[in-house]
Structures are given as structure tokens and as C-alpha cells.
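J.: Here you go, query_23.pdb (PDB, C-alpha atoms):
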```
ATOM      1  CA  MET Y 483      14.895-210.903  49.505
ATOM      2  CA  THR Y 484      14.477-209.763  45.935
ATOM      3  CA  THR Y 485      11.525-208.985  43.711
ATOM      4  CA  HIS Y 486      12.687-209.880  40.209
ATOM      5  CA  PRO Y 487      16.010-209.743  38.368
ATOM      6  CA  ASP Y 488      15.119-206.632  36.329
ATOM      7  CA  PHE Y 489      14.068-204.561  39.354
ATOM      8  CA  ARG Y 490      15.407-201.005  39.339
ATOM      9  CA  PRO Y 491      13.986-198.026  41.195
ATOM     10  CA  GLU Y 492      12.738-195.223  38.978
ATOM     11  CA  ARG Y 493      14.460-192.545  41.035
ATOM     12  CA  VAL Y 494      16.253-192.146  44.370
ATOM     13  CA  THR Y 495      16.267-188.978  46.463
ATOM     14  CA  PHE Y 496      18.398-188.009  49.440
ATOM     15  CA  SER Y 497      17.827-185.138  51.850
ATOM     16  CA  HIS Y 498      21.582-184.674  52.292
ATOM     17  CA  ALA Y 499      24.097-183.187  49.878
ATOM     18  CA  ARG Y 500      26.020-185.389  47.462
ATOM     19  CA  GLY Y 501      29.172-186.935  48.962
ATOM     20  CA  LEU Y 502      30.548-188.893  46.011
ATOM     21  CA  PRO Y 503      30.551-188.278  42.271
ATOM     22  CA  LYS Y 504      26.989-188.424  40.945
ATOM     23  CA  ARG Y 505      27.955-191.164  38.478
ATOM     24  CA  GLN Y 506      28.754-193.586  41.331
ATOM     25  CA  TYR Y 507      25.257-193.202  42.746
ATOM     26  CA  ARG Y 508      23.663-193.621  39.330
ATOM     27  CA  ASP Y 509      25.772-196.724  38.618
ATOM     28  CA  TYR Y 510      24.865-198.255  41.980
ATOM     29  CA  PHE Y 511      21.113-197.579  41.852
ATOM     30  CA  GLY Y 512      20.718-197.769  38.059
ATOM     31  CA  CYS Y 513      18.502-194.689  37.951
ATOM     32  CA  PRO Y 514      18.606-190.910  38.427
ATOM     33  CA  VAL Y 515      19.627-189.811  41.946
ATOM     34  CA  GLU Y 516      18.764-186.431  43.474
ATOM     35  CA  PHE Y 517      20.376-184.739  46.478
ATOM     36  CA  SER Y 518      19.243-182.056  48.937
ATOM     37  CA  SER Y 519      15.677-182.950  47.976
ATOM     38  CA  GLY Y 520      13.948-182.663  51.358
ATOM     39  CA  SER Y 521      13.392-186.395  51.806
ATOM     40  CA  ASP Y 522      15.086-189.760  51.493
ATOM     41  CA  SER Y 523      13.054-191.910  49.144
ATOM     42  CA  LEU Y 524      13.173-194.772  46.722
ATOM     43  CA  ILE Y 525      10.621-194.268  43.938
ATOM     44  CA  ILE Y 526       9.360-197.629  42.706
ATOM     45  CA  SER Y 527       6.994-198.275  39.813
ATOM     46  CA  ALA Y 528       3.480-199.501  40.519
ATOM     47  CA  GLY Y 529       4.279-202.665  38.552
ATOM     48  CA  ASP Y 530       7.242-203.459  40.814
ATOM     49  CA  MET Y 531       5.092-202.793  43.887
ATOM     50  CA  ARG Y 532       2.625-205.443  42.674
ATOM     51  CA  HIS Y 533       5.339-208.009  41.937
ATOM     52  CA  PRO Y 534       5.583-210.688  44.641
ATOM     53  CA  ILE Y 535       8.726-210.792  46.741
ATOM     54  CA  ASP Y 536      10.751-213.980  46.398
ATOM     55  CA  GLY Y 537      10.699-215.916  49.633
ATOM     56  CA  ALA Y 538       7.738-213.950  51.055
ATOM     57  CA  ASP Y 539       6.140-215.703  53.997
ATOM     58  CA  SER Y 540       2.370-215.271  54.420
ATOM     59  CA  SER Y 541       2.601-216.185  58.113
ATOM     60  CA  ILE Y 542       4.948-213.231  58.687
ATOM     61  CA  LYS Y 543       2.478-210.967  56.875
ATOM     62  CA  THR Y 544      -0.348-212.180  59.123
ATOM     63  CA  MET Y 545       1.850-211.721  62.189
ATOM     64  CA  MET Y 546       2.702-208.160  61.092
ATOM     65  CA  GLU Y 547      -0.962-207.338  60.461
ATOM     66  CA  ASP Y 548      -1.801-208.570  63.966
ATOM     67  CA  PHE Y 549       1.108-206.596  65.428
ATOM     68  CA  VAL Y 550       0.052-203.355  63.717
ATOM     69  CA  THR Y 551      -3.556-203.868  64.755
ATOM     70  CA  GLU Y 552      -2.611-204.496  68.398
ATOM     71  CA  THR Y 553      -0.134-201.618  68.454
ATOM     72  CA  ILE Y 554      -2.732-199.211  67.142
ATOM     73  CA  LYS Y 555      -5.242-200.465  69.704
ATOM     74  CA  ALA Y 556      -2.680-199.928  72.470
ATOM     75  CA  THR Y 557      -1.948-196.325  71.484
ATOM     76  CA  SER Y 558      -4.205-193.390  72.079
ATOM     77  CA  LEU Y 559      -4.593-192.931  68.329
ATOM     78  CA  SER Y 560      -7.563-194.557  66.679
ATOM     79  CA  PHE Y 561      -7.082-196.640  63.579
ATOM     80  CA  SER Y 562      -8.870-193.997  61.525
ATOM     81  CA  HIS Y 563      -6.473-191.368  62.912
ATOM     82  CA  ALA Y 564      -3.507-193.450  61.701
ATOM     83  CA  VAL Y 565      -5.181-193.783  58.297
ATOM     84  CA  ARG Y 566      -5.816-190.022  58.207
ATOM     85  CA  ASP Y 567      -2.148-189.286  58.982
ATOM     86  CA  LEU Y 568      -1.043-191.555  56.149
ATOM     87  CA  ILE Y 569      -3.495-189.943  53.749
ATOM     88  CA  ILE Y 570      -2.047-186.516  54.560
ATOM     89  CA  LYS Y 571       1.444-187.807  53.764
ATOM     90  CA  LEU Y 572       0.458-189.693  50.601
ATOM     91  CA  LEU Y 573      -1.792-187.144  48.878
ATOM     92  CA  PRO Y 574       1.035-184.908  47.590
ATOM     93  CA  ILE Y 575       2.770-187.832  45.901
ATOM     94  CA  GLN Y 576      -0.528-189.022  44.392
ATOM     95  CA  ARG Y 577      -0.179-192.484  45.883
ATOM     96  CA  CYS Y 578      -3.144-192.246  48.208
ATOM     97  CA  THR Y 579      -5.130-195.369  47.446
ATOM     98  CA  ILE Y 580      -6.640-197.840  49.847
ATOM     99  CA  THR Y 581      -4.141-200.407  48.557
ATOM    100  CA  VAL Y 582      -1.140-198.230  49.349
ATOM    101  CA  VAL Y 583      -2.458-197.185  52.772
ATOM    102  CA  ALA Y 584      -3.157-200.815  53.660
ATOM    103  CA  LYS Y 585       0.392-201.769  52.679
ATOM    104  CA  TYR Y 586       1.866-198.980  54.819
ATOM    105  CA  LEU Y 587      -0.179-200.229  57.770
ATOM    106  CA  ALA Y 588       0.787-203.834  56.987
ATOM    107  CA  VAL Y 589      -2.839-204.953  56.823
ATOM    108  CA  SER Y 590      -4.987-206.226  53.993
ATOM    109  CA  GLU Y 591      -7.449-203.880  52.289
ATOM    110  CA  ARG Y 592     -10.267-205.913  53.770
ATOM    111  CA  THR Y 593      -8.823-205.551  57.289
ATOM    112  CA  LEU Y 594      -8.399-201.813  56.767
ATOM    113  CA  GLN Y 595     -12.000-201.449  55.619
ATOM    114  CA  ARG Y 596     -13.282-203.602  58.498
ATOM    115  CA  ARG Y 597     -11.314-201.650  61.108
ATOM    116  CA  LEU Y 598     -12.575-198.345  59.725
ATOM    117  CA  LYS Y 599     -16.137-199.678  59.643
ATOM    118  CA  ASP Y 600     -15.752-200.654  63.318
ATOM    119  CA  GLU Y 601     -15.084-196.950  63.996
ATOM    120  CA  GLY Y 602     -17.977-195.866  61.772
ATOM    121  CA  MET Y 603     -15.643-194.600  59.063
ATOM    122  CA  VAL Y 604     -15.158-195.206  55.330
ATOM    123  CA  PHE Y 605     -11.789-194.768  53.590
ATOM    124  CA  GLU Y 606     -13.116-192.590  50.764
ATOM    125  CA  THR Y 607     -14.865-190.297  53.258
ATOM    126  CA  ILE Y 608     -11.642-189.831  55.220
ATOM    127  CA  VAL Y 609      -9.760-188.955  52.014
ATOM    128  CA  ASP Y 610     -12.452-186.429  51.094
ATOM    129  CA  ASP Y 611     -12.453-184.895  54.597
ATOM    130  CA  VAL Y 612      -8.654-184.583  54.595
ATOM    131  CA  ARG Y 613      -8.717-182.942  51.174
ATOM    132  CA  LYS Y 614     -11.423-180.527  52.299
ATOM    133  CA  ASP Y 615      -9.518-179.534  55.465
ATOM    134  CA  LEU Y 616      -6.238-179.123  53.606
ATOM    135  CA  ALA Y 617      -7.904-177.209  50.763
ATOM    136  CA  TRP Y 618      -9.362-174.740  53.243
ATOM    137  CA  ASP Y 619      -5.989-174.271  54.936
ATOM    138  CA  TYR Y 620      -4.162-173.866  51.624
ATOM    139  CA  LEU Y 621      -6.718-171.520  50.096
ATOM    140  CA  THR Y 622      -7.041-169.289  53.150
ATOM    141  CA  GLY Y 623      -3.455-169.261  54.335
ATOM    142  CA  GLN Y 624      -1.038-170.100  51.537
ATOM    143  CA  LYS Y 625       0.070-168.079  48.560
ATOM    144  CA  MET Y 626       0.579-170.867  46.038
ATOM    145  CA  ARG Y 627      -0.835-171.338  42.575
ATOM    146  CA  ILE Y 628      -4.065-173.313  42.326
ATOM    147  CA  SER Y 629      -2.268-175.858  40.127
ATOM    148  CA  GLN Y 630       0.274-176.484  42.935
ATOM    149  CA  LEU Y 631      -2.493-176.769  45.485
ATOM    150  CA  THR Y 632      -4.348-179.189  43.200
ATOM    151  CA  ALA Y 633      -1.290-181.457  43.050
ATOM    152  CA  LEU Y 634      -0.714-181.262  46.821
ATOM    153  CA  LEU Y 635      -4.241-182.547  47.334
ATOM    154  CA  GLY Y 636      -3.565-185.516  45.080
ATOM    155  CA  TYR Y 637      -5.671-184.424  42.133
ATOM    156  CA  THR Y 638      -4.301-184.974  38.647
ATOM    157  CA  GLU Y 639      -6.733-182.489  37.070
ATOM    158  CA  GLN Y 640      -7.512-178.986  38.274
ATOM    159  CA  SER Y 641     -11.114-179.436  37.110
ATOM    160  CA  SER Y 642     -11.522-182.246  39.677
ATOM    161  CA  PHE Y 643     -10.318-179.927  42.431
ATOM    162  CA  ASN Y 644     -12.624-177.150  41.194
ATOM    163  CA  ARG Y 645     -15.642-179.498  41.366
ATOM    164  CA  ALA Y 646     -14.640-180.670  44.842
ATOM    165  CA  CYS Y 647     -14.320-177.054  46.026
ATOM    166  CA  GLN Y 648     -17.767-176.291  44.670
ATOM    167  CA  ARG Y 649     -19.151-179.307  46.550
ATOM    168  CA  TRP Y 650     -17.323-178.485  49.830
ATOM    169  CA  PHE Y 651     -17.609-174.707  49.969
ATOM    170  CA  SER Y 652     -20.358-173.924  47.403
ATOM    171  CA  ARG Y 653     -17.897-171.784  45.458
ATOM    172  CA  PRO Y 654     -14.779-172.217  43.304
ATOM    173  CA  PRO Y 655     -11.267-172.121  44.797
ATOM    174  CA  LEU Y 656     -10.389-168.593  43.662
ATOM    175  CA  LYS Y 657     -13.579-167.249  45.263
ATOM    176  CA  VAL Y 658     -12.731-169.019  48.550
ATOM    177  CA  ARG Y 659      -9.255-167.469  48.414
ATOM    178  CA  SER Y 660     -10.450-163.941  47.635
ATOM    179  CA  GLU Y 661     -13.137-164.038  50.352
ATOM    180  CA  ALA Y 662     -10.544-165.214  52.888
ATOM    181  CA  ALA Y 663      -8.157-162.445  51.829
ATOM    182  CA  ASN Y 664     -10.936-159.843  52.202
ATOM    183  CA  THR Y 665     -11.875-161.174  55.636
ATOM    184  CA  ASN Y 666      -8.242-161.122  56.772
ATOM    185  CA  SER Y 667      -7.682-157.572  55.514
ATOM    186  CA  HIS Y 668     -10.861-156.351  57.273
ATOM    187  CA  GLN Y 669      -9.755-157.968  60.533
ATOM    188  CA  MET Y 670      -6.355-156.286  60.299
ATOM    189  CA  THR Y 671      -7.776-152.832  59.599
ATOM    190  CA  GLY Y 672     -10.813-153.123  61.914
TER     191      GLY Y 672
END
```
Please lay out the structure from this file as C-alpha cells.

T.:
Amino acid sequence: MTTHPDFRPERVTFSHARGLPKRQYRDYFGCPVEFSSGSDSLIISAGDMRHPIDGADSSIKTMMEDFVTETIKATSLSFSHAVRDLIIKLLPIQRCTITVVAKYLAVSERTLQRRLKDEGMVFETIVDDVRKDLAWDYLTGQKMRISQLTALLGYTEQSSFNRACQRWFSRPPLKVRSEAANTNSHQMTG
């Protein structure tokens, strides 16, 4: 199956080291290729993701949605837990939208929302809760710049993260970090 004749990934990454001359990879994929990057990925533009696939079969899509739904029901994980896990993985690459999560789960956005509602959950609330939990962990246990932390949480602007921190913890991120550092140093010396 193909999408359209001009389709080219924006970038390709491999977790392994380069085996052939870099030019061969670039010629094959038609884009920059990175090696020893920590993950194997094919970066595709949002426009290409929205382009229909030639020969796509809506009955297969429905069958896959049913399969994913039944598989999730059969496992000990709730649907919202599966959504939460995906959110954690997608936030750092700033692709954490309900549309993207639904596609990963092979369900429609409407099905995703309905399934979450059945569990008393809302997608946006799960995203906010995940960000809050991760922010706390990062601020109290990691030694990274606030700008890095902001990006890991899927924010494009540090001011958005600052406002979220104020809402979650009633103080800005640097204050959360310094209070945690003081608490940790008192516990070690006390």
C-alpha cells in the first residue's frame, strides 16, 4: 500500500550504528538518516499522516478497532491505562493529541472518548495528570534544565509549563525544585 507518489519521510533514525555508507541510506529513504539515536523511527509529516492510504479498507479498520477493544478488555490493563501509557510515550515528541493516540490504539477518536467516558475519564484530564506526575518527578529528582523538562512534557512554550506548575503545585517550577532539594538535603543530614 502507498500513500501518494511524493511521499518521503522527513527523517529516519536507527538505534544501531551505521553499517553502510550514509549516502546509501539517504538515497534509499530520500531524507536525512541518523544512527545510534536511541530509537528506530520513521518521522512522517502531519500532512502525510492525514493523507488516505491507497487501497485502505474500512472493514479492516473496523475489525482492528474491535480487536484492540476486545484485547484491552481481556487484559488486566484498563483502557485509560493504555491511553496513559501512550501519552507518556508521546509527550516528549510533542505528538500527544487525541487523534494520534486514537490512531495508535486503532480506534476512532469517538470510540476513544466513549471508552474513556465509560471509565469516568476524559482524555485532556489524563494528559494533564500525566504531565503533573512527570513534572513532579522531573523537578524533584532530575537535574535537567527547565527548558528540557518543558519539552519532555510536550509543551512548546516554557510559559505554558510555568502556568501549569503554578496551577498544580501553587508555585513555579524553580521553587518546586529548590524546595525538593532543601527537603532532600535535610533528610540526608538529619

J.: Name the residues that the PyMOL selection byres ((chain Y and resi 528) around 12) picks from the file above, as a list of chain:residue names, using the file's chain letters and numbers.

T.: Y:Phe489, Y:Pro491, Y:Glu492, Y:Ile525, Y:Ile526, Y:Ser527, Y:Gly529, Y:Asp530, Y:Met531, Y:Arg532, Y:His533, Y:Gln576, Y:Arg577, Y:Thr579, Y:Thr581, Y:Val582

J.: Write out as an MDAnalysis selection string the residues lying within 12 Å of Y:Gly636, counting all atoms listed in the file and excluding same-chain residues fewer than 5 positions away.

T.: chainID Y and resid 569:579 609:610 612:614 616:617 629:631 642:643

J.: Please report, as JSON, the centre and edge lengths in Å to one decimal of an axis-aligned box covering all listed atoms of stretch 613-632 of chain Y with 5 Å per side.

T.:
```
{"center_x": -5.4, "center_y": -175.5, "center_z": 47.8, "size_x": 22.0, "size_y": 24.9, "size_z": 25.3}
```

J.: Do you have the atom CA of Y:Arg597-atom CA of Y:Ser562 distance handy?

T.: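 Result for atom CA of Y:Arg597 versus atom CA of Y:Ser562: 8.0 Å, one decimal.
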
J.: Report the distance between atom CA of Y:Phe496 and atom CA of Y:Gln624 in Å, rounded to one decimal place.

T.: 26.5 Å

J.: Measuring between only C-alpha atoms, which one of Y:Ala588, Y:Thr593, Y:Asn644, Y:Arg627 shows the shortest distance to Y:Ile542?

T.: Y:Ala588

J.: Restricting the calculation to all atoms listed in the file: of Y:Val494, Y:Ala584, Y:Met626, Y:Leu621, which residue gets closest to Y:Cys513?

T.: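 For Y:Cys513, the nearest of the candidates is Y:Val494.
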
J.: In terms of the shortest atom-to-atom distance over all atoms listed in the file, which of Y:Asp488, Y:Val589, Y:Tyr620, Y:Lys625 is closest to Y:Glu552?

T.: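 So, comparing all the options, the nearest one is Y:Val589.
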
J.: Can you translate the PyMOL selection byres ((chain Y and resi 605) around 9) into the concrete residues it hits in this file, as an mmCIF file with C-alpha atoms, in the coordinates of the input?

T.:
```cif
data_model
loop_
_atom_site.group_PDB
_atom_site.id
_atom_site.type_symbol
_atom_site.label_atom_id
_atom_site.label_comp_id
_atom_site.auth_asym_id
_atom_site.auth_seq_id
_atom_site.Cartn_x
_atom_site.Cartn_y
_atom_site.Cartn_z
ATOM 1 C CA SER Y 562 -8.870 -193.997 61.525
ATOM 2 C CA VAL Y 565 -5.181 -193.783 58.297
ATOM 3 C CA ARG Y 566 -5.816 -190.022 58.207
ATOM 4 C CA ILE Y 580 -6.640 -197.840 49.847
ATOM 5 C CA LEU Y 594 -8.399 -201.813 56.767
ATOM 6 C CA GLN Y 595 -12.000 -201.449 55.619
ATOM 7 C CA LEU Y 598 -12.575 -198.345 59.725
ATOM 8 C CA LYS Y 599 -16.137 -199.678 59.643
ATOM 9 C CA MET Y 603 -15.643 -194.600 59.063
ATOM 10 C CA VAL Y 604 -15.158 -195.206 55.330
ATOM 11 C CA GLU Y 606 -13.116 -192.590 50.764
ATOM 12 C CA THR Y 607 -14.865 -190.297 53.258
ATOM 13 C CA ILE Y 608 -11.642 -189.831 55.220
ATOM 14 C CA VAL Y 609 -9.760 -188.955 52.014
ATOM 15 C CA ASP Y 610 -12.452 -186.429 51.094
#
```

J.: Just so the selection is clear, what residues does the PyMOL selection byres ((chain Y and resi 650) around 10) cover here, as a PyMOL selection string?

T.: chain Y and resi 610-611+613-615+617-618+644-649+651-654

J.: What's the separation between atom CA of Y:Ser497 and atom CA of Y:Asp567, in Å to one decimal place?

T.: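 For atom CA of Y:Ser497 relative to atom CA of Y:Asp567, the distance reads 21.6 Å.
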
J.: List the neighbours of stretch 500-503 of chain Y out to 12 Å using all atoms listed in the file; skip same-chain residues closer than 6 positions along the sequence, and give me the result as a PyMOL selection string.

T.: chain Y and resi 509-510+515-519

J.: Which residue gives the smallest distance to Y:Ala663 among Y:Val583, Y:Gly623, Y:Val550, Y:Ser590, with all atoms listed in the file counted?

T.: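 Selected residue with least distance to Y:Ala663: Y:Gly623.
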
J.: May I ask which of the residues Y:Ala662, Y:Ala499, Y:Leu656, Y:Leu587 is the closest one to Y:Thr622, counting all atoms listed in the file?

T.: Y:Ala662

J.: Find, counting all atoms listed in the file, the residue in Y:Arg659, Y:Arg592, Y:Arg493, Y:Lys585 that gets nearest to Y:Phe511.

T.: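 Once distances to Y:Phe511 are computed over all atoms listed in the file, the minimum belongs to Y:Arg493.
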